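Peer 1: Mind looking over this structure? Questions follow.
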Amino acid sequence: MELANRKATYKPYAQAIPGAFAIEKLDKAPCRMACPANLNVQGYVQMVKAGKYREAIEIIMRDLPLPGILGRVCPHPCEKSCRRLEVDEAISIRELKRVAADQTDLSEIPVPDVEPKGDKVAIVGSGPAGLSAAYFLALQGYKVSVYESMPEAGGMMRYGIPEHRLPRSVIDREIENLKRYGIEIHTGTAIGKDITLEELRDHGAKAIFLGSGAWKGLKLRIQGEEAEGVYDVTSFLRNVHLGILKKLQGRAVIIGGGHSALDGARVALRLGADEVHIIYRRSLSEMLAEPEEIEEAQNERVKIHFLVAPLKISGENGKVTGIECIRTRLTDPDTTGRRKPVPVEGSEFFIEAEHIIPAIGQEPDLDFLGKDLNLGVSKWNLLTVNPETLQTSVPWIFAGGDAVTGPATVIEAVDAGKKAARYIGKFLQGETLPTEWQEEPPIGTNWVEIRDDEPTLHRMKAPTLPVEKRLFGFDEVNLLADEDTARAEAARCLNCGGCCECYECVKACKAHAVTLETHQQEEQLLTIPVGSVILAPGFAPFDPSRFDTYQYAAFPNVVTSMEFERILSATGPFQGHLSRPSDHQAPAKIAFFQCVGSRDINQCDHAYCSSVCCMYAIKEAVIAKEHAGADLDTAIFFMDMRTHGKDFDRYYNRAKDEAGVRFLRSRIHTIDENPETHDLIFRYADEKGDLKTETFDMIVLSVGLETPEFLVKMADRLNIELDADHFVKTGNFRPVATSRDGIYVCGAFQEPKDIPYSVMESSAAACEAKGDLMAARGTLVQEKTYPKERDVSSEEPRIGVFVCNCGTNIGGIVNVPKVAEYARTLPGVTYVEDNLFTCSQDTQDKIREVIEREGLNRVVVAACTPRTHEPLFQETLRDAGLNKYLFEMANIRNQCSWVHSKEKEEATEKSMDLVRMAVARAQLIQPLPQPTISVDNKALVIGGGIAGMTAALGLADQGYRAYLVEQSKELGGNALKLIDTWQGEDITEHVGQMVKRVTEHALIDVYTESSIKSSDGFVGNFETTISKNGSDISLKHGAVVVAVGAEELRPTEYLYGQDGRVLTHLELDAAIKAESPKVSGAKTAVFIQCVGSREPDRPYCSKVCCTHTVKSALQLKRINPDTDVYVLYRDIRTYGQREALYREARRQGVIFVRYSLEQKPVLEKGTDAVSVTVRDHILGRDILINADLVVLASAIVSRDNGALSQMFKLSLNQDGFFMEAHAKLRPVEFATEGIFLAGMAHYPKPIEESIAQAKAAASRASVVLSKEYITVEGAVSHVNEVLCRGCGKCVDVCPFSAVSLVEREGGKTVAFVQAALCKGCGSCAVACPTGAASIFHYDDQEVLRMVEAALN
Amino acid sequence: MTAENAQNVRGSVMVVGGGIAGMQASLDLADSGFFVHLVEKTPAIGGVMSQLDKTFPTNDCAM
């Protein structure tokens, strides 16, 4: 389904960065490639579509000076290659050219200004070849004279093509137009008779083009050809046009199958012939004339005899009486595919006729050239030329058109003239001409895709003159199509080439960013030396069109989740109104299908789970209900609900219990469509296996993530190893390192994953690269320097106002000059100007110059939003020596031209109001200092588990000292109790190596058996006291990483602690390590999942337990293959590629039984076994398992983080885990600057994710530590201590922990703002009851002055 | 990376892909004193996330 309707010039989305447009150019459209003269067909067809006929003609005239002529007589080879034929019928291209030509006054087309070249060129012949050569030479600046032997110019177009096809007025008009280009045409001047080629040269012609055509009709070479009444078609038509032949009596027979045969026949009818016959020795399909023309001739009662050849012309008294013919048949095609006509013996017959007109071909008459020049002529009596340059054997003479090729089409002659003009130009410039034919680049076929649902539309039919009105004269038969028909026809064009190269954008771009040169930009190959590479190329959503099951390709209302995101989006195709594609109506029922292209080896070879689809489907269902209201029915059909991320289960529960999203565990059977309504009838098997049917308005396919083919190839080129699923192969202990040194990977290219995890990995990859390149840090970047700030304290305000047109974005609505004029009248304003684009680089240079020249000390820009542009203008102020706070913006785009686009006057008034307010405030704003604070480049890492050690190493490897504080005796944390990772790496061994590296690292100081006692300070400057063995140690550092981990819950159910056969995961691992008989002797083992997790008082998933269980189950099978293993679960959450373990466990006979929270398993202690009773949902009855080993997948719970959170002012979530600054975009940072988060202290997670997060924390922390000093913003809060009562309200509301209470001398408690932490949000100023707290740059006076100005 | 290589390393990194991951990696590197070449095949950075409507669990606008 195509939801986008993007033009070739586009911006990916409104807020795209860079905020510039791109032009999509594909391969040249096939119509253009098929045109002998290479006309930009797509371009002019698009212009006709838009009703821009003049622009269409301008495009045509880049390649062809005779649009109206070719719009009538071109045999249009372009139409044969039109891709519209794949849908229905070709675009009527020739007709559209004619419409454009007939609607345009050629004299309005500007003649380009070209520098005259001085040299003269003579053209012989004023047919299409000669006129084109003249035109393109004139465009190069040459002085061109055309010599024509006939009384009027036009050559065969005038003397060969009859008037009913090509009115003389059209020829006259277009030839007359050429004179505007400085072309002189001398008619009635025959070369060889009136003047010779040498004489032309002697008169100053530096080169000559011969376009003398082929005017001599070929003879039939049969008996009787000399009789009166026989004339070749060329001279027949010429004589008619010259007025020599005005009437024809009796019957005429024309011999031939080309255009001229038909022309001769139809002219003969118009001259009054009683009957007109055409005899042609082949059949209809071999005829060279177009079918339309044959049909029109037959309408006019021309009788065409196919498969008939002439034998002899009979005559009496030297006058023709008829022609003897014989029937022919066609042979089978020969090697060239041509079928030869052979006579059928005994089939002779006679046609009585008074006129016989052979139309079997022409050849040039070259007698006029004489012998002196000795021009090369072929055995077919054609001029020989270099095929590429059209240069003859005489260097200064070029030739083209019929004189070289023999009779051909007008458009081919045009191309010859154009080509000759190009090489004559080069010749005259003294360039060396190629000696051989220049091979054209191969025709690419990368064209716009034809939509599956492209509607079938018929080709237009141009009107024709009624037959009964035709034959009395030479009125044009084909009439001009009306505009609506033509424009509708043009709208059928598929725009194959993307950009149609109309260059209208070049005219429209006022900033001159798009030029003819930028249009010519091509792909370039660049070589960039770098120290390291990070691959973050992402994924492709799975394409479900290859599945018949889901009917995605067949039914319009089956969409992918990605398309559904666009449907929901405010910037999407329906502006955020929930609508279904078939009828744009609001759906009442939507189904979501999970695991499309995931967990499926039967159809798509994607065995893995895509990890993110369950969560996004729930989100989409919830958001859809938010859009459409609670009545919308949404149902999610799934196998296992995998909401294993932080706070995801809560969201799942809310979707189910509050939003009313339905969740159905099921298998999809079939989807059918009601062909009338496009509703979808869906059959599925529920958990019990019963087949159900339900009808939905729309189905959303939750498509998985996959690595697209081009990335597989890229990995191959980079020599990066991929795994069987086409994801980059990495180890659990180096989760972002690829198989190649120095190349790192992050995001879904490594394994399908969600946004926060991708963000973590990207920082982790940066950490690795920074470690590798430590020695070169800062060598390729330069710090910008600014001139000294000017002291403006003693100056009166001198305000400069710059009003922006933003192209037409503002200027099209708001009267910008009026706003600028108004600004001049405002107090304090000494300089005003309006700009086309105030943000452009040249305007920045100008503003800087104006500030210096005019001595401005305040700048107001009335343009767009300060959110995007304030920093740019502030930078310009700094470059001009002004403090950046001496700047103010008025947003007259968003607040005026955008929202009041229909009320231009009011928008202008409002713009003036906003400028007045901005100027009023500008008078009060003051320079603010931006103090710098030095940074202590050491870090404190709290927690010595895998996350803490990784963070410490990540920092130390970058050259920063890390203090690693661990409360227990040894480093290693929970990992010391684990056996191996899900990929099978030995954890004990790896952790041992890590501990060794940490303890030996020169830049890591390890403090075991230590705890944090107190901490003070802020980003860059912390001071923390730790307590080790009762003594205090004070540490100074610039950043903190919190990596305190989490712990396994000690269950209070399932006989835990009451029966020795019931173990937790960690206890099982210990037992396996100790080779306990509990394990090796177990005949039946039962794992119970979600022990303590996903319960009402702990509503989160512990993430690691499902994978741990299937891994342990396989371990039990390995230790003793006879052990029966049962897993009692609620949803199996072996996300990502961990799914492979789940599949393997099932393959090895591990039995998985689902239970529900309402009917949890019941354990009873027995002497021989623990009896486990569980309700099986498929069978619908209880099962009893006698187990001798029960393993509880018990929850992971947070440590007691209260003290630490108080000390560093960090938030905890409801479950006691630390809360990151932003769930998606800042997953390793706290809201308080300089403090970072890693590992299970954040949320339960496996080793690879803890390591990624720890490296990410190290990367983020090193951003702080890499700075020598921190610049503090000037627009921060400050407290007037006289007014402050020390109530602490500001301390409570500050989201950045920037305010604290301090005691002053005399015992007064006041609030104190740590400027380094303050973001200037103003919450404290609002909360302050006495007015003691306020914000610099936005104080009451400044704001109130604006209010006053607004009310004035 | 071995010690001898560390002497001649270049302080620049090429990041392939301008989605959320590529942008974050680039920012981390550039903010720490490394020159970044961010390579993106489409005309704008932002990747898939910029096509999403809202993101969970906060239902924030993805833009």
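Just so we're on the same page: first chain in the structure tokens is A, next is B, and so on; residues restart at 1 for each chain, and ligands are numbered from 1 in the order they show up.
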So that I can see what lies close to Glu709 (chain A), please list as a count of residues only the residues with an atom at most 12 Å from it, counting only C-alpha atoms and leaving out residues fewer than 2 positions away in the same chain.
Peer 2: 15
Peer 1: Chain B residues within 7 Å of chain A, counting only C-alpha atoms: which ones, as a ChimeraX atom specification?
Peer 2: /B:1,6-7,9-17,20-22,24-25,28-29,31-35,43-45,51-53,56-57
Peer 1: Write the selection just made, keeping N, CA and C atoms, as a CSV table (one decimal), in the first residue's frame?
Peer 2:
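Written out: again_24.csv:
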```
chain,number,residue,atom,x,y,z
B,1,MET,N,43.2,-2.7,20.2
B,1,MET,CA,44.2,-2.0,19.4
B,1,MET,C,45.5,-2.1,20.1
B,6,ALA,N,48.4,2.7,18.4
B,6,ALA,CA,47.8,3.9,19.1
B,6,ALA,C,48.5,5.2,18.9
B,7,GLN,N,49.8,5.1,18.5
B,7,GLN,CA,50.6,6.3,18.3
B,7,GLN,C,50.1,7.0,17.0
B,9,VAL,N,47.0,6.8,15.5
B,9,VAL,CA,45.6,6.8,15.1
B,9,VAL,C,45.1,8.1,14.7
B,10,ARG,N,44.0,8.1,14.0
B,10,ARG,CA,43.3,9.3,13.5
B,10,ARG,C,42.2,9.6,14.5
B,11,GLY,N,42.1,10.9,14.8
B,11,GLY,CA,41.0,11.3,15.8
B,11,GLY,C,39.7,11.5,15.1
B,12,SER,N,39.3,10.6,14.2
B,12,SER,CA,38.0,10.8,13.5
B,12,SER,C,37.3,9.4,13.4
B,13,VAL,N,36.0,9.5,13.3
B,13,VAL,CA,35.2,8.2,13.3
B,13,VAL,C,34.2,8.4,12.2
B,14,MET,N,34.0,7.4,11.4
B,14,MET,CA,32.8,7.4,10.5
B,14,MET,C,31.7,6.6,11.1
B,15,VAL,N,30.5,7.3,11.2
B,15,VAL,CA,29.3,6.6,11.7
B,15,VAL,C,28.4,6.4,10.5
B,16,VAL,N,28.0,5.1,10.3
B,16,VAL,CA,27.2,4.8,9.2
B,16,VAL,C,25.8,4.6,9.6
B,17,GLY,N,24.9,5.6,9.2
B,17,GLY,CA,23.5,5.5,9.6
B,17,GLY,C,23.2,6.7,10.5
B,20,ILE,N,18.5,7.0,15.2
B,20,ILE,CA,18.7,7.4,16.6
B,20,ILE,C,20.0,6.9,17.1
B,21,ALA,N,20.4,5.7,16.7
B,21,ALA,CA,21.7,5.1,17.2
B,21,ALA,C,22.9,5.9,16.6
B,22,GLY,N,22.8,6.1,15.3
B,22,GLY,CA,24.0,6.8,14.7
B,22,GLY,C,24.1,8.2,15.2
B,24,GLN,N,23.2,9.4,18.2
B,24,GLN,CA,23.7,9.3,19.6
B,24,GLN,C,25.2,9.1,19.6
B,25,ALA,N,25.7,8.1,18.8
B,25,ALA,CA,27.1,7.8,18.7
B,25,ALA,C,27.9,9.0,18.2
B,28,ASP,N,28.1,11.6,21.0
B,28,ASP,CA,29.1,11.2,22.1
B,28,ASP,C,30.5,11.5,21.6
B,29,LEU,N,30.8,11.1,20.4
B,29,LEU,CA,32.1,11.3,19.9
B,29,LEU,C,32.5,12.7,19.7
B,31,ASP,N,31.2,15.4,21.0
B,31,ASP,CA,31.2,16.1,22.3
B,31,ASP,C,32.5,15.7,23.1
B,32,SER,N,33.2,14.7,22.7
B,32,SER,CA,34.4,14.3,23.4
B,32,SER,C,35.7,14.6,22.6
B,33,GLY,N,35.6,15.4,21.6
B,33,GLY,CA,36.8,15.8,20.9
B,33,GLY,C,37.2,15.0,19.7
B,34,PHE,N,36.2,14.2,19.1
B,34,PHE,CA,36.6,13.5,17.9
B,34,PHE,C,35.8,14.0,16.7
B,35,PHE,N,36.4,14.0,15.6
B,35,PHE,CA,35.8,14.5,14.4
B,35,PHE,C,34.9,13.3,13.8
B,43,PRO,N,18.0,11.9,2.5
B,43,PRO,CA,18.4,13.3,2.7
B,43,PRO,C,18.3,13.9,4.1
B,44,ALA,N,17.8,13.1,5.0
B,44,ALA,CA,17.6,13.7,6.4
B,44,ALA,C,18.0,12.7,7.4
B,45,ILE,N,18.5,13.1,8.5
B,45,ILE,CA,18.8,12.2,9.6
B,45,ILE,C,17.5,12.0,10.4
B,51,GLN,N,9.6,8.4,11.8
B,51,GLN,CA,8.4,8.0,11.1
B,51,GLN,C,7.3,7.5,12.1
B,52,LEU,N,7.8,7.3,13.4
B,52,LEU,CA,6.8,6.8,14.3
B,52,LEU,C,5.9,7.9,14.9
B,53,ASP,N,4.7,7.5,15.3
B,53,ASP,CA,3.8,8.5,15.8
B,53,ASP,C,4.2,8.9,17.3
B,56,PHE,N,6.2,4.4,23.4
B,56,PHE,CA,5.8,4.0,24.8
B,56,PHE,C,7.0,4.0,25.6
B,57,PRO,N,7.0,4.0,26.9
B,57,PRO,CA,5.7,3.8,27.7
B,57,PRO,C,5.1,5.2,27.9
```
Peer 1: In Å, how far is it from CA of Gln42 (chain A) to CA of Lys97 (chain A)?
Peer 2: 11.1 Å
Peer 1: Using CA of Leu139 (chain A) and CA of Thr104 (chain A) as the two end points, give the distance in Å to one decimal.
Peer 2: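 Taking CA of Leu139 (chain A) as the start and CA of Thr104 (chain A) as the end point, the length is 20.6 Å.
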Peer 1: Residues within 8 Å of region 455-470 of chain A, please, as a ChimeraX atom specification. Count only C-alpha atoms; anything in the same chain fewer than 5 positions from it doesn't count.
Peer 2: /A:87-92,95,270,299-300,475-481,485-486,489,492
Peer 1: Quick one: write out the picked residues with N, CA and C atoms as a PDB file, in the first residue's frame?
Peer 2:
```pdb
ATOM      1  N   VAL A  87       0.220  -0.921 -17.674  1.00  0.00           N
ATOM      2  CA  VAL A  87      -1.026  -0.761 -16.911  1.00  0.00           C
ATOM      3  C   VAL A  87      -2.224  -0.794 -17.853  1.00  0.00           C
ATOM      4  N   ASP A  88      -2.195   0.092 -18.878  1.00  0.00           N
ATOM      5  CA  ASP A  88      -3.302   0.128 -19.828  1.00  0.00           C
ATOM      6  C   ASP A  88      -2.789   0.510 -21.224  1.00  0.00           C
ATOM      7  N   GLU A  89      -2.834   1.810 -21.563  1.00  0.00           N
ATOM      8  CA  GLU A  89      -2.387   2.229 -22.885  1.00  0.00           C
ATOM      9  C   GLU A  89      -1.353   3.340 -22.740  1.00  0.00           C
ATOM     10  N   ALA A  90      -0.552   3.519 -23.788  1.00  0.00           N
ATOM     11  CA  ALA A  90       0.499   4.537 -23.742  1.00  0.00           C
ATOM     12  C   ALA A  90      -0.111   5.932 -23.635  1.00  0.00           C
ATOM     13  N   ILE A  91       0.641   6.844 -23.043  1.00  0.00           N
ATOM     14  CA  ILE A  91       0.232   8.248 -23.008  1.00  0.00           C
ATOM     15  C   ILE A  91       0.250   8.767 -24.450  1.00  0.00           C
ATOM     16  N   SER A  92      -0.704   9.598 -24.785  1.00  0.00           N
ATOM     17  CA  SER A  92      -0.770  10.160 -26.130  1.00  0.00           C
ATOM     18  C   SER A  92       0.198  11.344 -26.204  1.00  0.00           C
ATOM     19  N   GLU A  95       0.137  14.060 -29.101  1.00  0.00           N
ATOM     20  CA  GLU A  95      -1.027  14.936 -29.007  1.00  0.00           C
ATOM     21  C   GLU A  95      -0.802  16.011 -27.936  1.00  0.00           C
ATOM     22  N   ARG A 270      -8.690  14.255 -52.279  1.00  0.00           N
ATOM     23  CA  ARG A 270      -9.051  15.660 -52.095  1.00  0.00           C
ATOM     24  C   ARG A 270      -8.992  16.441 -53.409  1.00  0.00           C
ATOM     25  N   ASN A 299     -11.449   5.410 -43.583  1.00  0.00           N
ATOM     26  CA  ASN A 299     -12.695   6.159 -43.365  1.00  0.00           C
ATOM     27  C   ASN A 299     -13.024   7.048 -44.565  1.00  0.00           C
ATOM     28  N   GLU A 300     -11.974   7.554 -45.166  1.00  0.00           N
ATOM     29  CA  GLU A 300     -12.171   8.444 -46.314  1.00  0.00           C
ATOM     30  C   GLU A 300     -12.375   7.640 -47.615  1.00  0.00           C
ATOM     31  N   ASP A 475      -8.561  21.009 -45.148  1.00  0.00           N
ATOM     32  CA  ASP A 475      -8.640  21.355 -43.736  1.00  0.00           C
ATOM     33  C   ASP A 475      -7.982  20.266 -42.884  1.00  0.00           C
ATOM     34  N   GLU A 476      -7.391  20.684 -41.795  1.00  0.00           N
ATOM     35  CA  GLU A 476      -6.695  19.724 -40.930  1.00  0.00           C
ATOM     36  C   GLU A 476      -7.690  18.696 -40.395  1.00  0.00           C
ATOM     37  N   VAL A 477      -7.316  17.440 -40.487  1.00  0.00           N
ATOM     38  CA  VAL A 477      -8.218  16.359 -40.073  1.00  0.00           C
ATOM     39  C   VAL A 477      -8.202  16.178 -38.558  1.00  0.00           C
ATOM     40  N   ASN A 478      -7.003  16.145 -37.978  1.00  0.00           N
ATOM     41  CA  ASN A 478      -6.915  15.953 -36.533  1.00  0.00           C
ATOM     42  C   ASN A 478      -7.088  17.299 -35.839  1.00  0.00           C
ATOM     43  N   LEU A 479      -8.076  17.349 -34.943  1.00  0.00           N
ATOM     44  CA  LEU A 479      -8.379  18.628 -34.301  1.00  0.00           C
ATOM     45  C   LEU A 479      -7.721  18.705 -32.928  1.00  0.00           C
ATOM     46  N   LEU A 480      -7.657  19.910 -32.437  1.00  0.00           N
ATOM     47  CA  LEU A 480      -7.014  20.147 -31.143  1.00  0.00           C
ATOM     48  C   LEU A 480      -7.887  19.595 -30.016  1.00  0.00           C
ATOM     49  N   ALA A 481      -7.279  18.824 -29.134  1.00  0.00           N
ATOM     50  CA  ALA A 481      -8.021  18.300 -27.992  1.00  0.00           C
ATOM     51  C   ALA A 481      -8.269  19.439 -27.008  1.00  0.00           C
ATOM     52  N   THR A 485      -9.256  17.377 -21.407  1.00  0.00           N
ATOM     53  CA  THR A 485      -8.862  16.056 -21.893  1.00  0.00           C
ATOM     54  C   THR A 485      -7.344  15.927 -21.889  1.00  0.00           C
ATOM     55  N   ALA A 486      -6.677  16.971 -22.387  1.00  0.00           N
ATOM     56  CA  ALA A 486      -5.219  16.915 -22.483  1.00  0.00           C
ATOM     57  C   ALA A 486      -4.581  16.826 -21.104  1.00  0.00           C
ATOM     58  N   GLU A 489      -5.056  13.504 -19.668  1.00  0.00           N
ATOM     59  CA  GLU A 489      -4.166  12.555 -20.328  1.00  0.00           C
ATOM     60  C   GLU A 489      -2.751  12.671 -19.748  1.00  0.00           C
ATOM     61  N   ARG A 492      -2.002  10.963 -16.552  1.00  0.00           N
ATOM     62  CA  ARG A 492      -1.801   9.514 -16.537  1.00  0.00           C
ATOM     63  C   ARG A 492      -0.317   9.154 -16.494  1.00  0.00           C
TER      64      ARG A 492
END
```
Peer 1: Go ahead and compute the interatomic distance for CA of Tyr885 (chain A) and CA of Ser793 (chain A), in Å to one decimal.
Peer 2: 13.1 Å
Peer 1: If you run DSSP on the backbone, which residues of region 1302-1338 of chain A are strand (DSSP E), as a list in words?
Peer 2: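 In region 1302-1338 of chain A, DSSP puts these residues in strand (DSSP E): Val1302, Glu1303, Thr1309, Val1310, Ala1311, Phe1312, Val1313, Ala1333, Ser1334 and Ile1335 of chain A.
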